[in-house]
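Next comes work-v5.cif, a file with mmCIF, C-alpha atoms and all ligand atoms.
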```
data_model
#
loop_
_atom_site.group_PDB
_atom_site.id
_atom_site.type_symbol
_atom_site.label_atom_id
_atom_site.label_comp_id
_atom_site.auth_asym_id
_atom_site.auth_seq_id
_atom_site.Cartn_x
_atom_site.Cartn_y
_atom_site.Cartn_z
ATOM 1 C CA MET A 1 62.656 -86.663 103.645
ATOM 2 C CA THR A 2 61.181 -85.041 100.587
ATOM 3 C CA CYS A 3 60.906 -81.345 100.010
ATOM 4 C CA SER A 4 57.130 -81.411 99.999
ATOM 5 C CA ASP A 5 57.102 -82.698 103.609
ATOM 6 C CA LYS A 6 58.114 -79.285 104.802
ATOM 7 C CA GLY A 7 55.602 -76.539 105.388
ATOM 8 C CA TYR A 8 57.900 -73.803 104.087
ATOM 9 C CA THR A 9 56.966 -71.212 101.522
ATOM 10 C CA ARG A 10 57.832 -72.003 97.927
ATOM 11 C CA ILE A 11 61.073 -70.048 97.806
ATOM 12 C CA ASN A 12 62.401 -71.585 101.024
ATOM 13 C CA ILE A 13 61.659 -75.083 99.838
ATOM 14 C CA LEU A 14 63.563 -74.419 96.682
ATOM 15 C CA SER A 15 66.726 -73.390 98.480
ATOM 16 C CA THR A 16 66.449 -76.304 100.934
ATOM 17 C CA CYS A 17 66.132 -78.668 98.023
ATOM 18 C CA SER A 18 69.128 -77.273 96.187
ATOM 19 C CA ARG A 19 71.142 -77.757 99.285
ATOM 20 C CA SER A 20 69.945 -81.306 99.888
ATOM 21 C CA VAL A 21 70.734 -82.160 96.266
ATOM 22 C CA GLU A 22 74.286 -80.987 96.935
ATOM 23 C CA THR A 23 74.602 -83.128 100.093
ATOM 24 C CA ALA A 24 73.190 -86.110 98.287
ATOM 25 C CA LYS A 25 75.949 -85.837 95.726
ATOM 26 C CA HIS A 26 78.659 -85.985 98.374
ATOM 27 C CA LYS A 27 77.184 -88.763 100.456
ATOM 28 C CA ARG A 28 76.314 -90.921 97.422
ATOM 29 C CA ILE A 29 72.799 -91.629 98.563
ATOM 30 C CA PHE A 30 70.762 -94.233 96.678
ATOM 31 C CA ILE A 31 69.553 -93.512 93.140
ATOM 32 C CA SER A 32 65.897 -93.843 94.181
ATOM 33 C CA LYS A 33 66.256 -91.026 96.659
ATOM 34 C CA ARG A 34 67.957 -88.856 94.066
ATOM 35 C CA THR A 35 65.185 -89.560 91.625
ATOM 36 C CA SER A 36 62.497 -88.589 94.097
ATOM 37 C CA GLU A 37 64.382 -85.420 94.888
ATOM 38 C CA LEU A 38 64.728 -84.632 91.226
ATOM 39 C CA VAL A 39 60.999 -85.125 90.759
ATOM 40 C CA ALA A 40 60.331 -82.896 93.751
ATOM 41 C CA LEU A 41 62.658 -80.248 92.368
ATOM 42 C CA MET A 42 60.890 -80.349 89.017
ATOM 43 C CA ALA A 43 57.504 -80.119 90.707
ATOM 44 C CA ILE A 44 58.656 -77.123 92.702
ATOM 45 C CA SER A 45 60.130 -75.423 89.673
ATOM 46 C CA SER A 46 56.832 -75.823 87.814
ATOM 47 C CA THR A 47 54.941 -74.481 90.838
ATOM 48 C CA LEU A 48 57.232 -71.506 90.922
ATOM 49 C CA PHE A 49 56.799 -70.950 87.198
ATOM 50 C CA LEU A 50 53.016 -71.195 87.474
ATOM 51 C CA PHE A 51 53.065 -68.838 90.457
ATOM 52 C CA LEU A 52 55.040 -66.247 88.503
ATOM 53 C CA HIS A 53 52.850 -66.743 85.441
ATOM 54 C CA THR A 54 49.658 -66.299 87.467
ATOM 55 C CA ARG A 55 51.065 -63.145 89.021
ATOM 56 C CA ASP A 56 51.923 -61.831 85.574
ATOM 57 C CA LEU A 57 48.415 -62.573 84.298
ATOM 58 C CA HIS A 58 46.947 -60.936 87.378
ATOM 59 C CA THR A 59 48.997 -57.795 86.737
ATOM 60 C CA ARG A 60 47.861 -57.701 83.122
ATOM 61 C CA LEU A 61 44.247 -58.160 84.110
ATOM 62 C CA ARG A 62 44.614 -55.303 86.628
ATOM 63 C CA SER A 63 46.031 -52.986 83.967
ATOM 64 C CA LEU A 64 43.263 -53.968 81.532
ATOM 65 C CA GLN A 65 40.663 -53.207 84.214
ATOM 66 C CA SER A 66 42.179 -49.801 84.874
ATOM 67 C CA VAL A 67 42.181 -49.119 81.129
ATOM 68 C CA THR A 68 38.476 -49.994 80.988
ATOM 69 C CA ASN A 69 37.750 -47.791 83.979
ATOM 70 C CA SER A 70 39.620 -44.783 82.619
ATOM 71 C CA ALA A 71 37.993 -45.292 79.217
ATOM 72 C CA SER A 72 34.504 -45.237 80.707
ATOM 73 C CA THR A 73 35.163 -42.266 83.005
ATOM 74 C CA SER A 74 36.983 -39.904 80.660
ATOM 75 C CA GLY A 75 35.221 -38.782 77.495
ATOM 76 C CA ASP A 76 38.332 -38.466 75.325
ATOM 77 C CA SER A 77 39.120 -42.192 75.388
ATOM 78 C CA THR A 78 36.255 -43.174 73.098
ATOM 79 C CA ALA A 79 38.600 -44.829 70.614
ATOM 80 C CA MET A 80 39.890 -47.165 73.260
ATOM 81 C CA GLU A 81 36.377 -47.781 74.478
ATOM 82 C CA ASN A 82 35.396 -48.774 70.955
ATOM 83 C CA ASP A 83 38.359 -51.099 70.752
ATOM 84 C CA ILE A 84 37.308 -52.843 73.901
ATOM 85 C CA ASP A 85 33.687 -53.013 72.741
ATOM 86 C CA ASN A 86 34.804 -54.525 69.450
ATOM 87 C CA PHE A 87 36.935 -57.011 71.289
ATOM 88 C CA ILE A 88 34.062 -58.071 73.503
ATOM 89 C CA GLN A 89 31.634 -58.287 70.588
ATOM 90 C CA HIS A 90 34.129 -60.285 68.579
ATOM 91 C CA ASP A 91 34.622 -62.593 71.508
ATOM 92 C CA GLN A 92 30.884 -63.154 71.829
ATOM 93 C CA LYS A 93 30.626 -64.159 68.193
ATOM 94 C CA LEU A 94 33.079 -66.944 68.885
ATOM 95 C CA GLU A 95 30.690 -68.670 71.263
ATOM 96 C CA ALA A 96 29.492 -72.101 70.181
ATOM 97 C CA TYR A 97 25.857 -71.014 70.382
ATOM 98 C CA SER A 98 26.155 -68.016 68.068
ATOM 99 C CA LEU A 99 28.277 -70.013 65.641
ATOM 100 C CA ASN A 100 25.722 -72.808 65.421
ATOM 101 C CA ASN A 101 24.094 -72.294 62.006
ATOM 102 C CA THR A 102 21.483 -74.944 62.603
ATOM 103 C CA GLY A 103 19.840 -73.079 65.439
ATOM 104 C CA HIS A 104 19.657 -69.804 63.486
ATOM 105 C CA ALA A 105 18.397 -71.271 60.219
ATOM 106 C CA LYS A 106 14.833 -70.539 59.148
ATOM 107 C CA LYS A 107 14.495 -73.521 56.848
ATOM 108 C CA GLU A 108 15.287 -77.221 57.273
ATOM 109 C CA LEU A 109 17.487 -77.256 54.222
ATOM 110 C CA ILE A 110 21.230 -77.835 54.213
ATOM 111 C CA PHE A 111 22.921 -75.636 51.629
ATOM 112 C CA PHE A 112 26.283 -77.205 50.816
ATOM 113 C CA ASN A 113 27.793 -74.366 48.750
ATOM 114 C CA ARG A 114 30.807 -76.530 48.106
ATOM 115 C CA VAL A 115 34.307 -75.133 47.738
ATOM 116 C CA PRO A 116 35.962 -77.002 44.823
ATOM 117 C CA LYS A 117 38.869 -79.374 45.494
ATOM 118 C CA VAL A 118 38.234 -79.955 49.160
ATOM 119 C CA GLY A 119 36.791 -83.459 48.873
ATOM 120 C CA SER A 120 33.332 -82.103 48.201
ATOM 121 C CA GLN A 121 32.502 -84.731 45.581
ATOM 122 C CA THR A 122 33.070 -87.495 48.121
ATOM 123 C CA PHE A 123 31.105 -85.591 50.721
ATOM 124 C CA MET A 124 28.299 -85.107 48.201
ATOM 125 C CA GLU A 125 28.136 -88.864 47.683
ATOM 126 C CA ILE A 126 27.903 -89.389 51.442
ATOM 127 C CA LEU A 127 25.030 -86.897 51.567
ATOM 128 C CA ARG A 128 23.298 -88.693 48.688
ATOM 129 C CA LEU A 129 23.525 -92.044 50.478
ATOM 130 C CA LEU A 130 22.361 -90.453 53.725
ATOM 131 C CA SER A 131 19.382 -88.888 51.984
ATOM 132 C CA LEU A 132 18.170 -92.351 50.968
ATOM 133 C CA ARG A 133 18.713 -93.729 54.413
ATOM 134 C CA ASN A 134 17.328 -90.818 56.450
ATOM 135 C CA GLN A 135 14.598 -89.769 54.025
ATOM 136 C CA PHE A 136 15.557 -86.232 53.155
ATOM 137 C CA VAL A 137 15.483 -84.822 49.638
ATOM 138 C CA PHE A 138 18.719 -84.544 47.684
ATOM 139 C CA TYR A 139 18.931 -81.562 45.302
ATOM 140 C CA GLN A 140 21.997 -81.021 43.200
ATOM 141 C CA ASP A 141 22.830 -78.313 40.709
ATOM 142 C CA HIS A 142 23.436 -79.703 37.213
ATOM 143 C CA VAL A 143 27.009 -79.747 35.846
ATOM 144 C CA GLN A 144 27.857 -76.518 34.068
ATOM 145 C CA ARG A 145 30.315 -75.701 31.367
ATOM 146 C CA VAL A 146 31.789 -72.955 33.473
ATOM 147 C CA GLU A 147 30.918 -72.841 37.147
ATOM 148 C CA THR A 148 30.069 -69.263 37.999
ATOM 149 C CA ILE A 149 30.461 -68.907 41.696
ATOM 150 C CA ARG A 150 29.981 -65.166 41.839
ATOM 151 C CA LEU A 151 26.625 -64.023 40.531
ATOM 152 C CA ALA A 152 24.903 -60.754 39.800
ATOM 153 C CA GLU A 153 22.270 -59.753 42.315
ATOM 154 C CA THR A 154 19.332 -60.841 40.123
ATOM 155 C CA GLU A 155 20.933 -64.257 39.663
ATOM 156 C CA GLN A 156 21.495 -64.573 43.401
ATOM 157 C CA LEU A 157 17.836 -63.828 43.904
ATOM 158 C CA ARG A 158 16.923 -66.478 41.322
ATOM 159 C CA VAL A 159 18.994 -69.126 43.163
ATOM 160 C CA ALA A 160 17.648 -68.084 46.556
ATOM 161 C CA SER A 161 14.005 -68.189 45.368
ATOM 162 C CA MET A 162 14.530 -71.576 43.730
ATOM 163 C CA VAL A 163 16.077 -73.017 46.900
ATOM 164 C CA SER A 164 13.315 -71.528 49.035
ATOM 165 C CA LYS A 165 10.706 -73.478 47.066
ATOM 166 C CA TYR A 166 12.402 -76.837 47.683
ATOM 167 C CA ASP A 167 10.789 -79.448 49.913
ATOM 168 C CA THR A 168 12.182 -79.976 53.402
ATOM 169 C CA PRO A 169 14.057 -81.602 55.033
ATOM 170 C CA SER A 170 16.553 -81.542 52.231
ATOM 171 C CA VAL A 171 20.053 -80.770 51.038
ATOM 172 C CA PHE A 172 21.033 -78.580 48.088
ATOM 173 C CA ILE A 173 24.516 -78.683 46.567
ATOM 174 C CA LYS A 174 26.116 -76.089 44.324
ATOM 175 C CA HIS A 175 29.484 -74.395 43.760
ATOM 176 C CA ILE A 176 28.566 -70.862 44.742
ATOM 177 C CA SER A 177 29.643 -68.045 47.036
ATOM 178 C CA PHE A 178 27.571 -67.462 50.151
ATOM 179 C CA VAL A 179 24.158 -66.050 49.229
ATOM 180 C CA ASN A 180 22.506 -63.928 51.900
ATOM 181 C CA PHE A 181 18.883 -65.133 51.867
ATOM 182 C CA THR A 182 17.860 -62.626 54.529
ATOM 183 C CA LYS A 183 18.756 -59.815 52.151
ATOM 184 C CA PHE A 184 16.025 -61.090 49.797
ATOM 185 C CA TYR A 185 13.543 -61.602 52.649
ATOM 186 C CA LEU A 186 13.817 -65.362 52.195
ATOM 187 C CA PRO A 187 14.368 -67.976 54.937
ATOM 188 C CA GLU A 188 18.056 -68.638 55.601
ATOM 189 C CA PRO A 189 19.040 -72.305 55.113
ATOM 190 C CA ILE A 190 21.701 -74.212 57.075
ATOM 191 C CA TYR A 191 25.006 -73.507 55.349
ATOM 192 C CA ILE A 192 27.751 -76.114 55.485
ATOM 193 C CA ASN A 193 31.120 -76.272 53.731
ATOM 194 C CA LEU A 194 34.603 -77.734 53.857
ATOM 195 C CA VAL A 195 38.029 -76.078 53.630
ATOM 196 C CA ARG A 196 41.441 -77.388 52.667
ATOM 197 C CA ASP A 197 45.063 -76.299 52.971
ATOM 198 C CA PRO A 198 45.226 -73.538 50.293
ATOM 199 C CA VAL A 199 48.445 -74.754 48.654
ATOM 200 C CA GLU A 200 47.358 -78.384 48.544
ATOM 201 C CA ARG A 201 44.110 -77.222 47.052
ATOM 202 C CA VAL A 202 45.776 -75.268 44.239
ATOM 203 C CA ILE A 203 48.001 -78.272 43.416
ATOM 204 C CA SER A 204 44.981 -80.548 43.448
ATOM 205 C CA TRP A 205 43.156 -78.274 40.986
ATOM 206 C CA TYR A 206 46.252 -78.095 38.746
ATOM 207 C CA TYR A 207 46.332 -81.872 38.261
ATOM 208 C CA TYR A 208 42.567 -82.309 38.297
ATOM 209 C CA ILE A 209 42.122 -80.279 35.107
ATOM 210 C CA ARG A 210 44.883 -82.374 33.474
ATOM 211 C CA ALA A 211 43.490 -85.779 34.423
ATOM 212 C CA PRO A 212 42.364 -87.988 31.477
ATOM 213 C CA TRP A 213 39.097 -88.942 33.196
ATOM 214 C CA TYR A 214 38.304 -85.252 33.661
ATOM 215 C CA TYR A 215 38.350 -84.854 29.845
ATOM 216 C CA VAL A 216 36.283 -87.965 29.331
ATOM 217 C CA GLU A 217 33.666 -86.534 31.685
ATOM 218 C CA ARG A 218 33.815 -83.094 30.099
ATOM 219 C CA LYS A 219 33.619 -84.514 26.586
ATOM 220 C CA HIS A 220 30.605 -86.546 27.638
ATOM 221 C CA ALA A 221 28.812 -83.536 29.093
ATOM 222 C CA PHE A 222 29.927 -81.080 26.397
ATOM 223 C CA PRO A 223 30.976 -82.936 23.193
ATOM 224 C CA ASP A 224 32.459 -79.830 21.596
ATOM 225 C CA THR A 225 35.085 -79.441 24.345
ATOM 226 C CA PRO A 226 38.421 -79.011 22.504
ATOM 227 C CA LEU A 227 41.260 -81.350 23.456
ATOM 228 C CA PRO A 228 44.132 -79.513 25.141
ATOM 229 C CA ASP A 229 47.735 -79.353 23.962
ATOM 230 C CA PRO A 230 49.574 -82.561 25.071
ATOM 231 C CA ASN A 231 52.531 -80.485 26.320
ATOM 232 C CA TRP A 232 50.218 -78.574 28.598
ATOM 233 C CA LEU A 233 48.761 -81.843 29.863
ATOM 234 C CA LYS A 234 52.214 -83.257 30.645
ATOM 235 C CA LYS A 235 53.540 -80.153 32.378
ATOM 236 C CA ASP A 236 54.112 -80.723 36.101
ATOM 237 C CA PHE A 237 53.297 -78.208 38.781
ATOM 238 C CA GLU A 238 56.922 -77.588 39.840
ATOM 239 C CA THR A 239 57.964 -76.712 36.275
ATOM 240 C CA CYS A 240 54.985 -74.424 35.890
ATOM 241 C CA VAL A 241 55.785 -72.525 39.114
ATOM 242 C CA LEU A 242 59.552 -72.330 38.601
ATOM 243 C CA ARG A 243 59.163 -71.179 35.028
ATOM 244 C CA GLY A 244 56.688 -68.551 36.177
ATOM 245 C CA ASP A 245 54.019 -69.571 33.669
ATOM 246 C CA ARG A 246 50.981 -67.321 33.613
ATOM 247 C CA GLU A 247 48.686 -69.932 35.162
ATOM 248 C CA CYS A 248 51.136 -70.586 38.026
ATOM 249 C CA ARG A 249 51.738 -67.019 39.132
ATOM 250 C CA TYR A 250 49.846 -66.514 42.312
ATOM 251 C CA THR A 251 49.937 -62.767 42.678
ATOM 252 C CA GLN A 252 48.347 -61.416 45.809
ATOM 253 C CA GLY A 253 45.323 -59.232 45.220
ATOM 254 C CA GLU A 254 44.945 -60.336 41.598
ATOM 255 C CA LYS A 255 41.279 -60.454 40.684
ATOM 256 C CA ARG A 256 40.999 -61.261 37.020
ATOM 257 C CA GLU A 257 41.556 -64.984 37.366
ATOM 258 C CA GLY A 258 40.618 -65.371 40.993
ATOM 259 C CA ILE A 259 37.129 -66.608 40.265
ATOM 260 C CA SER A 260 37.704 -69.147 37.535
ATOM 261 C CA ASP A 261 40.847 -70.871 38.750
ATOM 262 C CA HIS A 262 39.655 -71.693 42.237
ATOM 263 C CA ARG A 263 42.402 -69.936 44.125
ATOM 264 C CA ARG A 264 40.261 -68.413 46.806
ATOM 265 C CA GLN A 265 38.125 -70.351 49.243
ATOM 266 C CA THR A 266 37.179 -67.283 51.252
ATOM 267 C CA MET A 267 34.645 -66.145 48.638
ATOM 268 C CA PHE A 268 32.459 -69.099 49.449
ATOM 269 C CA PHE A 269 32.133 -67.805 52.979
ATOM 270 C CA CYS A 270 32.300 -64.048 52.381
ATOM 271 C CA GLY A 271 29.737 -63.694 49.603
ATOM 272 C CA HIS A 272 29.261 -61.811 46.337
ATOM 273 C CA ASP A 273 30.378 -58.335 47.347
ATOM 274 C CA GLU A 274 33.302 -56.668 45.625
ATOM 275 C CA GLU A 275 35.337 -56.847 48.828
ATOM 276 C CA CYS A 276 34.991 -60.649 48.857
ATOM 277 C CA THR A 277 36.854 -61.230 45.580
HETATM 278 C C1 LIG A 301 22.948 -76.522 67.245
HETATM 279 O O1 LIG A 301 21.593 -76.197 67.149
HETATM 280 C C2 LIG A 301 20.738 -77.302 66.939
HETATM 281 C C3 LIG A 301 19.330 -76.772 66.717
HETATM 282 O O2 LIG A 301 19.000 -75.780 67.654
HETATM 283 C C4 LIG A 301 20.849 -78.253 68.113
HETATM 284 O O3 LIG A 301 20.017 -79.371 67.900
HETATM 285 C C5 LIG A 301 22.283 -78.693 68.273
HETATM 286 O O4 LIG A 301 22.416 -79.508 69.412
HETATM 287 C C6 LIG A 301 23.208 -77.490 68.395
HETATM 288 N N1 LIG A 301 24.576 -77.941 68.379
HETATM 289 C C7 LIG A 301 25.473 -77.521 69.254
HETATM 290 C C8 LIG A 301 26.849 -78.097 69.096
HETATM 291 O O5 LIG A 301 25.205 -76.735 70.120
HETATM 292 C C1 LIG A 302 22.382 -60.435 55.299
HETATM 293 O O1 LIG A 302 21.569 -59.348 54.990
HETATM 294 C C2 LIG A 302 20.924 -58.762 56.102
HETATM 295 C C3 LIG A 302 19.937 -57.725 55.575
HETATM 296 O O2 LIG A 302 20.526 -56.913 54.617
HETATM 297 C C4 LIG A 302 21.983 -58.175 57.033
HETATM 298 O O3 LIG A 302 21.387 -57.597 58.156
HETATM 299 C C5 LIG A 302 22.915 -59.284 57.454
HETATM 300 O O4 LIG A 302 23.985 -58.776 58.225
HETATM 301 C C6 LIG A 302 23.476 -60.023 56.253
HETATM 302 N N1 LIG A 302 24.176 -61.187 56.735
HETATM 303 C C7 LIG A 302 25.422 -61.499 56.343
HETATM 304 C C8 LIG A 302 25.991 -62.710 56.954
HETATM 305 O O5 LIG A 302 26.032 -60.813 55.553
#
```

Before anything else, please render the file you have as structure tokens.
Amino acid sequence: MTCSDKGYTRINILSTCSRSVETAKHKRIFISKRTSELVALMAISSTLFLFLHTRDLHTRLRSLQSVTNSASTSGDSTAMENDIDNFIQHDQKLEAYSLNNTGHAKKELIFFNRVPKVGSQTFMEILRLLSLRNQFVFYQDHVQRVETIRLAETEQLRVASMVSKYDTPSVFIKHISFVNFTKFYLPEPIYINLVRDPVERVISWYYYIRAPWYYVERKHAFPDTPLPDPNWLKKDFETCVLRGDRECRYTQGEKREGISDHRRQTMFFCGHDEECT
């Protein structure tokens, strides 16, 4: 006889089962029976838990509904009403449809405004190979001495106009913060990007700028690049952080270096406004 055979309510079954577990102990009934009873007991406990949880959720839903009702009936609860509106609006933005950039884009161009040190070079290579295979045009910004990811408004307009003249379908790749094409009355492309664990990313950048091949590449592109101090090249990240060296102090809210040392990935998604830095 298992507990689930009985048509009792949940609570009754539970007490019956506890009792039968007790009896089973005394009478030394077979292991298999004990096991099945144990399973039944676990199943009932979970049912009970779910029942209580559902009731709790129901209560919370009720209270939320009454809050909504009182907010819409009484005029002085406008703040709460706004909160709820914001919540609903925020929730709507999280729908797959509204988050799908492709559907909202006005131009068949993928703008990969790549965040540095997230594997973007590899991804760029994949895009290049795909462009040959799937016949779309591959546009890439030329290597710059200093990558300026935050531009003045006129420069943003220059980039946006340039991109808007490109053939489609195509992909354009550049290290740059999000540029709002709509603001310049230009067709919005399909933005894509990658992100990486922020700490891993900072460590990656630290060693990247110390790698010998990085200097070979830099020297090739810009022959007058000075060679760095060998002690600086040999310094490991742990030493730099523990010693509190200037370049390894990650002070929250610090803006001066934020752009050039690739500490923030959010700028690539936020844009060029002051509040994005
Ligand atoms: C996103 O939009 C494009 C174009 O409208 C569509 O082809 C694609 O299936 C959509 N993707 C998802 C996941 O909805
Ligand atoms: C882009 O600019 C337009 C026009 O100024 C504005 O309505 C829109 O919200 C902006 N989009 C983003 C993502 O900032």

Original post:
Quick one: residues within 12 Å of Met162 of chain A, all atoms listed in the file counted, chain neighbours fewer than 5 positions away excluded, as a VMD selection string?
Top reply: chain A and resid 139 141 155 to 157 167 172 181 186 to 187

**OP:** Check which residues satisfy the PyMOL selection byres (((not hetatm)) within 6 of (chain A and resi 302)) in the file shown, then give them as a list in words.
**Re:** Asn180, Thr182 and Lys183 of chain A

Original post:
Hey, which residues come within 10 Å of ligand LIG 301 (chain A) if we count all atoms listed in the file? Could you give them as an MDAnalysis selection string?
Top reply: chainID A and resid 95:105

Original post:
Can you list, as a PyMOL selection string, every protein, DNA or RNA residue that comes within 12 Å of segment 218-233 of chain A when you count all atoms listed in the file, leaving out same-chain residues fewer than 5 positions away?
Top reply: chain A and resi 142-146+206-213+239-240+245+247

**OP:** Decode the PyMOL selection byres (((chain A and resi 159) around 12) and not hetatm) for the given file into explicit residues and return them as JSON, numbers by chain.
**Re:** {"A": [111, 113, 141, 149, 150, 151, 152, 153, 154, 155, 156, 157, 158, 160, 161, 162, 163, 164, 165, 166, 172, 173, 174, 175, 176, 177, 178, 179, 180, 181, 184, 186]}

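In this structure, atom CA of Glu254 of chain A sits 19.2 Å away from atom CA of Pro116 of chain A.
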
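Between atom CA of Leu109 of chain A and atom CA of Ser170 of chain A lies a distance of 4.8 Å.
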
Original post:
When distances are computed from all atoms listed in the file, which of A:Leu194, A:Ile203, A:Val137, A:Leu132 shows the smallest separation from Gly119 of chain A?
Top reply: A:Leu194

Subject >> Computed interatomic separation between atom CA of Ile192 of chain A and atom CA of Thr168 of chain A (Å) >> reply: 16.2 Å

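The shortest atom-to-atom distance to Arg263 of chain A, with only C-alpha atoms taken into account, belongs to A:Cys248 out of A:Leu242, A:Ile126, A:Cys248, A:Val171.
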
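When only C-alpha atoms are used to measure the gap to Val199 of chain A, the shortest distance among A:Val216, A:Leu94, A:Val118, A:Cys276 belongs to A:Val118.
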
Can you complete the atoms of segment 238-245 of chain A to all heavy atoms and list them as a tab-separated table (two decimals), in the coordinates of the input?
```tsv
chain	number	residue	atom	x	y	z
A	238	GLU	N	55.64	-78.21	39.49
A	238	GLU	CA	56.92	-77.59	39.84
A	238	GLU	C	57.47	-76.78	38.66
A	238	GLU	O	57.89	-75.63	38.82
A	238	GLU	CB	57.94	-78.65	40.27
A	238	GLU	CG	57.72	-79.23	41.66
A	238	GLU	CD	56.60	-80.26	41.72
A	238	GLU	OE1	55.99	-80.56	40.67
A	238	GLU	OE2	56.33	-80.76	42.83
A	239	THR	N	57.47	-77.39	37.47
A	239	THR	CA	57.96	-76.71	36.28
A	239	THR	C	57.18	-75.43	36.04
A	239	THR	O	57.75	-74.37	35.78
A	239	THR	CB	57.82	-77.64	35.05
A	239	THR	OG1	58.41	-78.89	35.36
A	239	THR	CG2	58.48	-77.05	33.82
A	240	CYS	N	55.88	-75.56	36.14
A	240	CYS	CA	54.98	-74.42	35.89
A	240	CYS	C	55.29	-73.26	36.83
A	240	CYS	O	55.39	-72.11	36.39
A	240	CYS	CB	53.54	-74.89	36.06
A	240	CYS	SG	52.31	-73.65	35.71
A	241	VAL	N	55.51	-73.57	38.12
A	241	VAL	CA	55.78	-72.53	39.11
A	241	VAL	C	57.17	-71.93	38.89
A	241	VAL	O	57.33	-70.71	38.81
A	241	VAL	CB	55.67	-73.08	40.56
A	241	VAL	CG1	56.16	-72.05	41.57
A	241	VAL	CG2	54.23	-73.47	40.87
A	242	LEU	N	58.17	-72.81	38.73
A	242	LEU	CA	59.55	-72.33	38.60
A	242	LEU	C	59.76	-71.52	37.33
A	242	LEU	O	60.54	-70.56	37.32
A	242	LEU	CB	60.53	-73.51	38.66
A	242	LEU	CG	60.61	-74.21	40.01
A	242	LEU	CD1	61.49	-75.45	39.94
A	242	LEU	CD2	61.13	-73.26	41.09
A	243	ARG	N	59.02	-71.89	36.28
A	243	ARG	CA	59.16	-71.18	35.03
A	243	ARG	C	58.36	-69.87	35.03
A	243	ARG	O	58.50	-69.03	34.16
A	243	ARG	CB	58.66	-72.09	33.90
A	243	ARG	CG	59.59	-72.13	32.71
A	243	ARG	CD	59.29	-73.21	31.74
A	243	ARG	NE	57.89	-73.44	31.48
A	243	ARG	CZ	57.44	-74.55	30.86
A	243	ARG	NH1	58.28	-75.48	30.46
A	243	ARG	NH2	56.16	-74.71	30.65
A	244	GLY	N	57.51	-69.76	36.05
A	244	GLY	CA	56.69	-68.55	36.18
A	244	GLY	C	55.62	-68.44	35.11
A	244	GLY	O	55.27	-67.33	34.67
A	245	ASP	N	55.10	-69.58	34.66
A	245	ASP	CA	54.02	-69.57	33.67
A	245	ASP	C	52.83	-68.77	34.19
A	245	ASP	O	52.59	-68.73	35.39
A	245	ASP	CB	53.56	-71.01	33.36
A	245	ASP	CG	54.60	-71.78	32.55
A	245	ASP	OD1	55.68	-71.20	32.27
A	245	ASP	OD2	54.35	-72.95	32.23
```
